[in-house]
Every structure is written in C-alpha cells, then in structure tokens.
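Peer 1: Would you mind keeping the following structure in view while I ask a few things?
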Amino acid sequence: MSLLKPEALQPSPIRSDLLERNYSGASNLAFNEKIKRLNKEGQNISHFGFGQSPFPIIETAIGALQKQAHQNSYLPVQGIPELRKKICDFHKHYDQVDFDPEDVIVGPGSKELILLLLTVFNGDVLVNSPSWTTYRPQAILTGHTAYNVDSSEEDEWKVTVTSLEKVITENDMSYYKILILTNPCNPTGTCYTESELRKLTEVFRRHHVLVLSDEIYARVHYTHSHVCLSKVYPEGTVLSTGMSKWASAGGWRVGYHVYPKELSHLLSVVKSAASHSFSCAPAPMQYAFVEVIQNKSACDDYIKHTTRIMKVVAEFCVRELQSVGVKVVPPKAGYYIFPNFEVIRGQLARRGVRTCQEMCDLILSEVTVAVMPGGPDHLRPADELTTRLCYVNFDGALALAESRKLGLDVELDASFVEDVCTPVYQGIVKLRNWILELKTETIEKQ
C-alpha cells in the first residue's frame, strides 16, 4: 500500500487545502513535455505552447563558464558581492535606476525567490489576470488567498486603477497586500507606460500594496523603452528578474530580486529562508555572469539583434491573425501574444466546442498547431476563447546569424520570417487558413 494513498476514511498526508483547491503542477511545463513527445513520435506539430528563448546563449557566457567551471564551493546565500555589484551597474545602464548591492539577492532562478518571498509574507496576494501560470499556484502553496485583478482587451490586458481599487475595496483583505505584476507581461506581451505606473502607484500607497514586479522580459522590449517600477515606486517594489530571457540562459538558473531599503527586514527573512532551501545559486554561473554583464557592448549587440528579430516575428503573427478577424493586442516585448478567437465562436459551437481548452484540442488535432488555452491556468474564464501563443519555435541561431549578416541598419520584414523563421511562418499560416475555412464553410451553408 502506498503511504501517500491512505485507505478509505483515513486522513491524507497532503494538506487538505491543496486538495480542495486542485493544486497541480505547472501546466506550461506539462504541455511542453506532451508536444515534444508527440513530435518525437513522428507528428509534425507547430509548437507555439512554450516560452523559452529560441536563441543560443549570449556568446560571452560560454567562454566565461569554461573559465569558471572549476568553482565548486558553497557561496554566500545572497550571492557573490562581485555579481551583485555588476547587477546594480547593469540596471543603472539599462533602467537608469540606482541600486545597492546589499539589497540584491541571487537565487537559482527568480521563480524560487518568488516562492520564498510569498512563504514569509504576511498578507494577501493579488495577481493580474491574465497571468503567468505559476503565480497563483505558488500563492496557494504558501498558504495565501490569491485575488485576481482582472483586465480586458480594451485596456490592453493591463491592470488599471479601477480594476485594482475594485478588488481591494470589495474584499475583506489584510492590512498588507502584495501584487504580483508582470511587466512586460507573460502571456500578453503588453507593457506599462511610466504614466500608467504612476497612477497605479497612488493606489499602492493608499492601500499598503507592495509589488513583486516581475520584469524578466524587460530587456526583450522591442523599442528598449521599458520602465522599471523601482524607478516609480522605489519604497514598495521588489524587482524580480534574471538572465533566462534576455541572455537565453533559462537552464542556467540565475535569477535575482532587488529589495528597497524600506523592506530590508523582509529581505533579511527571505535570506534566512534561502539558507534553509537552496543555500546558494550555482557557483560557476554566478562567476560567469560577472564577466558577461560587465561587457556592456556585447550585451547591447546581442539584445538589439534578438529583440528586432522577435519584433518582426510578432508583427507577422499579429497581422496574419488579425486578417481573419482574430482579436490580438500587439505585443511590445517578449515572446507571446494572447489572441482571442471569439470570431469563430459560432462555428466552434456548432461542432460542440465551447471552451478554450476544447478549442485548443481541436486545433491540435485538425491543424497540428499547439497553443495553450487561456482559461483557468491563466486566470481567465474557461469559456473565453483566448490562448497563449508563443512565437519562438524557430532556429534562433540561424536567425541571429542572418540578422548580424544584414546589419542593424537593414530593416527586417515578413520575408525574413518566411525565409529564416520558417516554422513560425508555416504554423501561423496553417492556423490562419483553418480559421478562414471555418468562416467560409459557414457562409456557404447560409
């Protein structure tokens, strides 16, 4: 008999609230494993369901890691001082924000640091909707009530003063609250202006709202005009970011948080929790990234080329889907769009398809295109026909080489997507044509 499956009438060894709230693993990771397995079995699926950088890791990291591969000691829990200093210099260069190395904590990915912050935080958790799939499960795992702050296409899927005030005033909430805000946003690709952040900050201050500002996609902003919340709300922002997206180092697991001086007591407790969990971020990677991020010219070149490639791919995806009536808020950063397929709701209903999950299953079976449903995993209604579409399924090494060969003075266009980012081109065309056929069939029947 399994110890984790007690006999009838016996208590479960798993926390009852996790069972009652249907706590489960990360849906994006499970979906990615499923599609990779199907492709390995011989199915030719256009995989738009997983958001990792398509590019090879920034070149300077490879030599740096080779030089530091011998590093095998346990390091300071907070991260080595050299790296924390270079992180502050990095943000001074890109965000024009001054940070103190003593306020930085480095971990094995920003995900772990978010979990530890929620573990020690005493208050309620607010999560923007649509949202990355991990925030709410982490809130549940750490024993918090998570409140959705809903947004709409009309507001470009952004949290507004009205939506935030509504959630806070309509619920009996704790004195302290923490909003997990993704900017640039996963899964929508939208970004906040400085004016929008300043208006929200008035609400933060009025209602004692701390903000975990997840800015992991900041350097993947297509026009390099990201506004760091720490610049606008310095006393109440915990900046969360890392190397996984802009440097294409997801598997290296180097993330970090920056706390304001006003929350030094909170950082102190998080550091204590870190000492009892991950001990330190990987030693070779920490030393390697000291060298990587101090080379600003190499970082600038890599960022400029990779972001312009993502921009032209994003523009192609938006244009093609909008051409057949799909609603898409054009992204300003990152790897994602959050298209709404409301235009084919009637056609889908006639086939018995009424939820986003059912629609995504149908698209996978009929078009061999994999997209993640919006729905509950992204804190959206199950019957809202939204999806998260990740346009990164192309050969990033080839695209980067071609971009550099052309030079930054040459503007990329749709032909670049067709010729160089071909899997994206083919998958989007398949999806567009399927929608067009559905709409055409309806017209012919009428």
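Quick note on naming: the chains in the structure tokens go A, B, ... in the order shown, residues restart at 1 in each chain, and ligands are numbered from 1 in order of appearance.
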Check which residues of segment 23-129 of chain A sit at most 9 Å from segment 291-300 of chain A using only C-alpha atoms, and return one row each with the closest pair of atoms and their distance in Å to one decimal, ordered by chain and rising number, as JSON lines.
Peer 2:
```
{"residue": "A:Ile58", "atom": "CA", "partner": "A:Cys299", "partner_atom": "CA", "distance": 7.7}
{"residue": "A:Glu59", "atom": "CA", "partner": "A:Ala298", "partner_atom": "CA", "distance": 8.5}
{"residue": "A:Thr60", "atom": "CA", "partner": "A:Val292", "partner_atom": "CA", "distance": 5.8}
{"residue": "A:Ala61", "atom": "CA", "partner": "A:Val292", "partner_atom": "CA", "distance": 5.7}
{"residue": "A:Ala64", "atom": "CA", "partner": "A:Glu291", "partner_atom": "CA", "distance": 6.5}
{"residue": "A:Leu83", "atom": "CA", "partner": "A:Glu291", "partner_atom": "CA", "distance": 8.7}
{"residue": "A:Lys86", "atom": "CA", "partner": "A:Gln294", "partner_atom": "CA", "distance": 6.3}
{"residue": "A:Ile87", "atom": "CA", "partner": "A:Ile293", "partner_atom": "CA", "distance": 7.4}
{"residue": "A:Asp89", "atom": "CA", "partner": "A:Gln294", "partner_atom": "CA", "distance": 8.0}
{"residue": "A:Phe90", "atom": "CA", "partner": "A:Ile293", "partner_atom": "CA", "distance": 6.6}
{"residue": "A:His93", "atom": "CA", "partner": "A:Lys296", "partner_atom": "CA", "distance": 8.4}
```
Peer 1: Keeping only C-alpha atoms, write the selected residues as a CSV table (one decimal), in the first residue's frame.
Peer 2:
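Listed below is the output, selection32.csv:
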```csv
chain,number,residue,atom,x,y,z
A,58,ILE,CA,24.9,35.1,-25.3
A,59,GLU,CA,28.3,34.2,-26.7
A,60,THR,CA,30.4,35.8,-23.9
A,61,ALA,CA,28.8,33.4,-21.4
A,64,ALA,CA,33.2,32.7,-19.1
A,83,LEU,CA,27.9,39.7,-9.2
A,86,LYS,CA,27.6,44.2,-11.6
A,87,ILE,CA,23.8,43.6,-11.4
A,89,ASP,CA,25.7,48.5,-12.8
A,90,PHE,CA,23.6,46.7,-15.3
A,93,HIS,CA,22.9,51.2,-17.6
```
Peer 1: Can you list, as a PyMOL selection string, every residue of segment 53-290 of chain A that DSSP puts in helix (DSSP H, G or I)?
Peer 2: chain A and resi 59-68+81-95+101-103+110-120+135-141+153-155+161-170+194-206+218-220+229-232+250-252+261-275+283-290
Peer 1: Within 7 Å of Lys327 of chain A, counting only C-alpha atoms, which residues qualify if same-chain residues fewer than 5 places away don't, as a count of residues only?
Peer 2: 4
Peer 1: Per residue of segment 132-194 of chain A within 10 Å of segment 232-251 of chain A, which atom pair is closest and at what distance in Å (one decimal), using only C-alpha atoms, listed by chain and increasing number, as a Markdown table?
Peer 2:
```
| residue | atom | partner | partner_atom | distance |
| --- | --- | --- | --- | --- |
| A:Ile178 | CA | A:Gly236 | CA | 9.4 |
| A:Leu179 | CA | A:Thr237 | CA | 9.7 |
| A:Ile180 | CA | A:Val238 | CA | 9.7 |
| A:Leu181 | CA | A:Ser240 | CA | 9.9 |
| A:Thr182 | CA | A:Ser240 | CA | 9.4 |
| A:Glu194 | CA | A:Val232 | CA | 7.5 |
```
Peer 1: Output all heavy atoms of each residue in that selection to a file, as a PDB file, in the first residue's frame.
Peer 2:
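Writing the result to again.pdb gives the following:
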```pdb
ATOM      1  N   ILE A 178       0.261  42.131  -1.418  1.00  0.00           N
ATOM      2  CA  ILE A 178       1.337  42.151  -2.410  1.00  0.00           C
ATOM      3  C   ILE A 178       0.743  41.821  -3.774  1.00  0.00           C
ATOM      4  O   ILE A 178       0.007  40.838  -3.923  1.00  0.00           O
ATOM      5  CB  ILE A 178       2.486  41.183  -2.044  1.00  0.00           C
ATOM      6  CG1 ILE A 178       3.687  41.422  -2.968  1.00  0.00           C
ATOM      7  CG2 ILE A 178       2.063  39.728  -2.065  1.00  0.00           C
ATOM      8  CD1 ILE A 178       4.983  40.804  -2.467  1.00  0.00           C
ATOM      9  N   LEU A 179       1.006  42.679  -4.720  1.00  0.00           N
ATOM     10  CA  LEU A 179       0.553  42.474  -6.097  1.00  0.00           C
ATOM     11  C   LEU A 179       1.706  41.892  -6.901  1.00  0.00           C
ATOM     12  O   LEU A 179       2.813  42.444  -6.916  1.00  0.00           O
ATOM     13  CB  LEU A 179       0.114  43.802  -6.722  1.00  0.00           C
ATOM     14  CG  LEU A 179      -0.133  43.792  -8.240  1.00  0.00           C
ATOM     15  CD1 LEU A 179      -1.344  42.921  -8.586  1.00  0.00           C
ATOM     16  CD2 LEU A 179      -0.327  45.221  -8.762  1.00  0.00           C
ATOM     17  N   ILE A 180       1.453  40.757  -7.551  1.00  0.00           N
ATOM     18  CA  ILE A 180       2.443  40.210  -8.480  1.00  0.00           C
ATOM     19  C   ILE A 180       2.090  40.764  -9.857  1.00  0.00           C
ATOM     20  O   ILE A 180       1.080  40.403 -10.455  1.00  0.00           O
ATOM     21  CB  ILE A 180       2.432  38.674  -8.483  1.00  0.00           C
ATOM     22  CG1 ILE A 180       2.638  38.139  -7.060  1.00  0.00           C
ATOM     23  CG2 ILE A 180       3.516  38.149  -9.409  1.00  0.00           C
ATOM     24  CD1 ILE A 180       2.597  36.630  -6.951  1.00  0.00           C
ATOM     25  N   LEU A 181       2.929  41.663 -10.321  1.00  0.00           N
ATOM     26  CA  LEU A 181       2.681  42.370 -11.572  1.00  0.00           C
ATOM     27  C   LEU A 181       3.746  41.983 -12.587  1.00  0.00           C
ATOM     28  O   LEU A 181       4.943  42.121 -12.328  1.00  0.00           O
ATOM     29  CB  LEU A 181       2.725  43.881 -11.329  1.00  0.00           C
ATOM     30  CG  LEU A 181       2.367  44.775 -12.514  1.00  0.00           C
ATOM     31  CD1 LEU A 181       0.881  44.681 -12.829  1.00  0.00           C
ATOM     32  CD2 LEU A 181       2.756  46.227 -12.213  1.00  0.00           C
ATOM     33  N   THR A 182       3.319  41.502 -13.753  1.00  0.00           N
ATOM     34  CA  THR A 182       4.265  41.111 -14.794  1.00  0.00           C
ATOM     35  C   THR A 182       4.381  42.223 -15.818  1.00  0.00           C
ATOM     36  O   THR A 182       3.400  42.577 -16.462  1.00  0.00           O
ATOM     37  CB  THR A 182       3.793  39.829 -15.510  1.00  0.00           C
ATOM     38  OG1 THR A 182       3.155  38.977 -14.579  1.00  0.00           O
ATOM     39  CG2 THR A 182       4.951  39.119 -16.141  1.00  0.00           C
ATOM     40  N   GLU A 194       5.188  54.852 -18.138  1.00  0.00           N
ATOM     41  CA  GLU A 194       5.511  55.478 -16.854  1.00  0.00           C
ATOM     42  C   GLU A 194       4.282  56.151 -16.262  1.00  0.00           C
ATOM     43  O   GLU A 194       4.063  56.105 -15.043  1.00  0.00           O
ATOM     44  CB  GLU A 194       6.638  56.493 -17.018  1.00  0.00           C
ATOM     45  CG  GLU A 194       7.091  57.098 -15.708  1.00  0.00           C
ATOM     46  CD  GLU A 194       8.391  57.861 -15.803  1.00  0.00           C
ATOM     47  OE1 GLU A 194       9.169  57.612 -16.744  1.00  0.00           O
ATOM     48  OE2 GLU A 194       8.638  58.712 -14.919  1.00  0.00           O
TER      49      GLU A 194
END
```
Peer 1: Leaving out segment 196-208 of chain A and any residue of its chain fewer than 6 positions from it, which residues lie within 8 Å of it when counting only C-alpha atoms, given as a compact mmCIF listing (two decimals) with all heavy atoms, in the first residue's frame?
Peer 2:
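Contents of the output file out-v2.txt:
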```
# COMPACT_ATOMS: atom_id res chain seq x y z
N THR A 160 -5.61 48.21 -14.19
CA THR A 160 -5.93 49.63 -14.16
C THR A 160 -6.22 50.07 -12.72
O THR A 160 -6.43 49.23 -11.84
CB THR A 160 -7.15 49.95 -15.03
OG1 THR A 160 -8.30 49.30 -14.47
CG2 THR A 160 -6.95 49.49 -16.47
N VAL A 161 -6.25 51.37 -12.52
CA VAL A 161 -6.61 51.90 -11.21
C VAL A 161 -7.99 51.39 -10.80
O VAL A 161 -8.20 50.96 -9.65
CB VAL A 161 -6.59 53.44 -11.24
CG1 VAL A 161 -7.26 54.01 -9.99
CG2 VAL A 161 -5.16 53.96 -11.36
N LEU A 164 -7.96 47.55 -9.91
CA LEU A 164 -7.24 47.30 -8.66
C LEU A 164 -8.04 47.78 -7.45
O LEU A 164 -8.18 47.06 -6.45
CB LEU A 164 -5.88 48.00 -8.71
CG LEU A 164 -4.95 47.78 -7.53
CD1 LEU A 164 -4.67 46.30 -7.31
CD2 LEU A 164 -3.64 48.54 -7.73
N GLU A 165 -8.59 48.99 -7.55
CA GLU A 165 -9.43 49.52 -6.46
C GLU A 165 -10.62 48.61 -6.21
O GLU A 165 -11.01 48.38 -5.06
CB GLU A 165 -9.91 50.93 -6.82
CG GLU A 165 -8.86 52.01 -6.72
CD GLU A 165 -8.79 52.62 -5.33
OE1 GLU A 165 -9.34 52.01 -4.38
OE2 GLU A 165 -8.17 53.69 -5.19
N ILE A 168 -9.65 45.46 -4.17
CA ILE A 168 -9.26 45.80 -2.79
C ILE A 168 -10.47 46.21 -1.95
O ILE A 168 -10.62 45.78 -0.80
CB ILE A 168 -8.19 46.90 -2.80
CG1 ILE A 168 -6.90 46.39 -3.43
CG2 ILE A 168 -7.93 47.41 -1.38
CD1 ILE A 168 -5.84 47.44 -3.63
N TYR A 175 -4.11 43.99 6.04
CA TYR A 175 -3.54 45.35 6.01
C TYR A 175 -2.50 45.45 4.89
O TYR A 175 -2.54 46.37 4.08
CB TYR A 175 -2.91 45.67 7.35
CG TYR A 175 -2.32 47.07 7.43
CD1 TYR A 175 -3.13 48.17 7.70
CD2 TYR A 175 -0.96 47.28 7.23
CE1 TYR A 175 -2.59 49.45 7.77
CE2 TYR A 175 -0.42 48.55 7.29
CZ TYR A 175 -1.24 49.64 7.56
OH TYR A 175 -0.71 50.91 7.61
N TYR A 176 -1.58 44.47 4.87
CA TYR A 176 -0.59 44.44 3.80
C TYR A 176 -1.05 43.50 2.69
O TYR A 176 -1.60 42.42 2.94
CB TYR A 176 0.77 43.97 4.32
CG TYR A 176 1.49 45.03 5.11
CD1 TYR A 176 1.72 44.86 6.47
CD2 TYR A 176 1.96 46.20 4.50
CE1 TYR A 176 2.39 45.83 7.21
CE2 TYR A 176 2.62 47.18 5.23
CZ TYR A 176 2.83 46.98 6.57
OH TYR A 176 3.47 47.94 7.31
N LYS A 177 -0.80 43.93 1.48
CA LYS A 177 -1.10 43.13 0.31
C LYS A 177 0.12 43.16 -0.60
O LYS A 177 0.92 44.10 -0.54
CB LYS A 177 -2.31 43.72 -0.45
CG LYS A 177 -3.62 43.65 0.35
CD LYS A 177 -4.58 44.76 -0.01
CE LYS A 177 -4.23 46.07 0.68
NZ LYS A 177 -4.66 46.14 2.09
N LEU A 229 9.59 49.56 -12.47
CA LEU A 229 8.71 50.07 -11.42
C LEU A 229 9.50 50.62 -10.23
O LEU A 229 9.03 51.51 -9.52
CB LEU A 229 7.74 48.98 -10.95
CG LEU A 229 6.69 49.42 -9.93
CD1 LEU A 229 5.80 50.54 -10.47
CD2 LEU A 229 5.83 48.23 -9.48
N VAL A 232 9.65 54.25 -10.18
CA VAL A 232 8.40 54.98 -9.92
C VAL A 232 7.92 54.77 -8.49
O VAL A 232 7.40 55.70 -7.86
CB VAL A 232 7.31 54.53 -10.93
CG1 VAL A 232 6.00 55.23 -10.68
CG2 VAL A 232 7.78 54.77 -12.36
N TYR A 233 8.07 53.57 -7.97
CA TYR A 233 7.58 53.21 -6.63
C TYR A 233 8.74 52.58 -5.85
O TYR A 233 8.71 51.40 -5.52
CB TYR A 233 6.41 52.24 -6.79
CG TYR A 233 5.70 51.81 -5.53
CD1 TYR A 233 5.49 52.67 -4.46
CD2 TYR A 233 5.21 50.51 -5.42
CE1 TYR A 233 4.82 52.27 -3.32
CE2 TYR A 233 4.52 50.09 -4.29
CZ TYR A 233 4.33 50.96 -3.24
OH TYR A 233 3.66 50.56 -2.11
```
Peer 1: At what distance in Å, to one decimal, does atom CA of Leu141 of chain A lie from atom CA of Ser110 of chain A?
Peer 2: 16.5 Å
Peer 1: Please identify every residue of segment 203-257 of chain A that has at least one atom no farther than 12 Å from an atom of segment 74-79 of chain A, counting only C-alpha atoms, and for each give the shortest atom pair and the distance in Å to one decimal, arranged by chain then increasing number, as JSON lines.
Peer 2:
```
{"residue": "A:Val254", "atom": "CA", "partner": "A:Gly79", "partner_atom": "CA", "distance": 10.2}
{"residue": "A:Gly255", "atom": "CA", "partner": "A:Gly79", "partner_atom": "CA", "distance": 10.3}
{"residue": "A:Tyr256", "atom": "CA", "partner": "A:Gly79", "partner_atom": "CA", "distance": 9.0}
{"residue": "A:His257", "atom": "CA", "partner": "A:Gln78", "partner_atom": "CA", "distance": 9.9}
```
Peer 1: How about saving the chosen residues, N, CA, C and O atoms kept, as a PDB file, in the first residue's frame?
Peer 2:
```
ATOM      1  N   VAL A 254      19.861  31.393 -13.089  1.00  0.00           N
ATOM      2  CA  VAL A 254      20.410  32.555 -12.381  1.00  0.00           C
ATOM      3  C   VAL A 254      19.360  33.662 -12.415  1.00  0.00           C
ATOM      4  O   VAL A 254      19.125  34.274 -13.448  1.00  0.00           O
ATOM      5  N   GLY A 255      18.713  33.858 -11.277  1.00  0.00           N
ATOM      6  CA  GLY A 255      17.737  34.923 -11.147  1.00  0.00           C
ATOM      7  C   GLY A 255      18.057  35.752  -9.926  1.00  0.00           C
ATOM      8  O   GLY A 255      18.903  35.366  -9.098  1.00  0.00           O
ATOM      9  N   TYR A 256      17.403  36.897  -9.788  1.00  0.00           N
ATOM     10  CA  TYR A 256      17.678  37.720  -8.612  1.00  0.00           C
ATOM     11  C   TYR A 256      16.511  38.653  -8.315  1.00  0.00           C
ATOM     12  O   TYR A 256      15.690  38.943  -9.186  1.00  0.00           O
ATOM     13  N   HIS A 257      16.450  39.091  -7.072  1.00  0.00           N
ATOM     14  CA  HIS A 257      15.499  40.100  -6.614  1.00  0.00           C
ATOM     15  C   HIS A 257      16.276  41.283  -6.057  1.00  0.00           C
ATOM     16  O   HIS A 257      17.362  41.117  -5.505  1.00  0.00           O
TER      17      HIS A 257
END
```
Peer 1: Quick one: everything within 10 Å of Leu362 of chain A, counting only C-alpha atoms, minus sequence neighbours fewer than 6 positions away in the same chain. Send it as a list in words.
Peer 2: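 Neighbouring residues, sequence-local ones excluded: Leu348, Arg351, Val353, Cys356, Thr368, Val369 and Ala370 of chain A.
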Peer 1: Deliver the residues from the most recent selection as a file, using N, CA, C and O atoms, as an mmCIF file, in the first residue's frame.
Peer 2:
```
data_model
loop_
_atom_site.group_PDB
_atom_site.id
_atom_site.type_symbol
_atom_site.label_atom_id
_atom_site.label_comp_id
_atom_site.auth_asym_id
_atom_site.auth_seq_id
_atom_site.Cartn_x
_atom_site.Cartn_y
_atom_site.Cartn_z
ATOM 1 N N LEU A 348 -17.444 27.086 -33.896
ATOM 2 C CA LEU A 348 -16.983 26.097 -32.927
ATOM 3 C C LEU A 348 -18.159 25.486 -32.167
ATOM 4 O O LEU A 348 -18.191 24.274 -31.928
ATOM 5 N N ARG A 351 -19.893 22.666 -33.606
ATOM 6 C CA ARG A 351 -19.130 21.409 -33.534
ATOM 7 C C ARG A 351 -19.002 20.937 -32.089
ATOM 8 O O ARG A 351 -18.218 20.036 -31.783
ATOM 9 N N VAL A 353 -17.877 22.667 -29.520
ATOM 10 C CA VAL A 353 -16.699 23.223 -28.842
ATOM 11 C C VAL A 353 -17.079 24.551 -28.212
ATOM 12 O O VAL A 353 -17.473 25.493 -28.916
ATOM 13 N N CYS A 356 -12.083 27.209 -24.212
ATOM 14 C CA CYS A 356 -10.777 27.419 -24.843
ATOM 15 C C CYS A 356 -9.967 26.131 -24.880
ATOM 16 O O CYS A 356 -9.224 25.882 -25.834
ATOM 17 N N THR A 368 -2.630 20.489 -36.417
ATOM 18 C CA THR A 368 -1.312 20.166 -35.842
ATOM 19 C C THR A 368 -0.564 21.430 -35.414
ATOM 20 O O THR A 368 0.635 21.589 -35.644
ATOM 21 N N VAL A 369 -1.311 22.327 -34.774
ATOM 22 C CA VAL A 369 -0.750 23.536 -34.177
ATOM 23 C C VAL A 369 -1.045 23.485 -32.682
ATOM 24 O O VAL A 369 -2.190 23.270 -32.274
ATOM 25 N N ALA A 370 -0.009 23.654 -31.863
ATOM 26 C CA ALA A 370 -0.162 23.575 -30.407
ATOM 27 C C ALA A 370 -0.107 24.965 -29.791
ATOM 28 O O ALA A 370 0.898 25.666 -29.926
#
```
Peer 1: So which one's closest to Ile428 of chain A, A:Ile45, A:Val159, A:Met173, A:Ala146? Using only C-alpha atoms, please.
Peer 2: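 Among the listed residues, the smallest separation from Ile428 of chain A belongs to A:Ile45.
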Peer 1: Which of these residues is nearest to Asn122 of chain A, using only C-alpha atoms: A:Leu210, A:Val220, A:Ala69, A:Ala397?
Peer 2: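 Looking only at the distances to Asn122 of chain A, the closest residue turns out to be A:Leu210.
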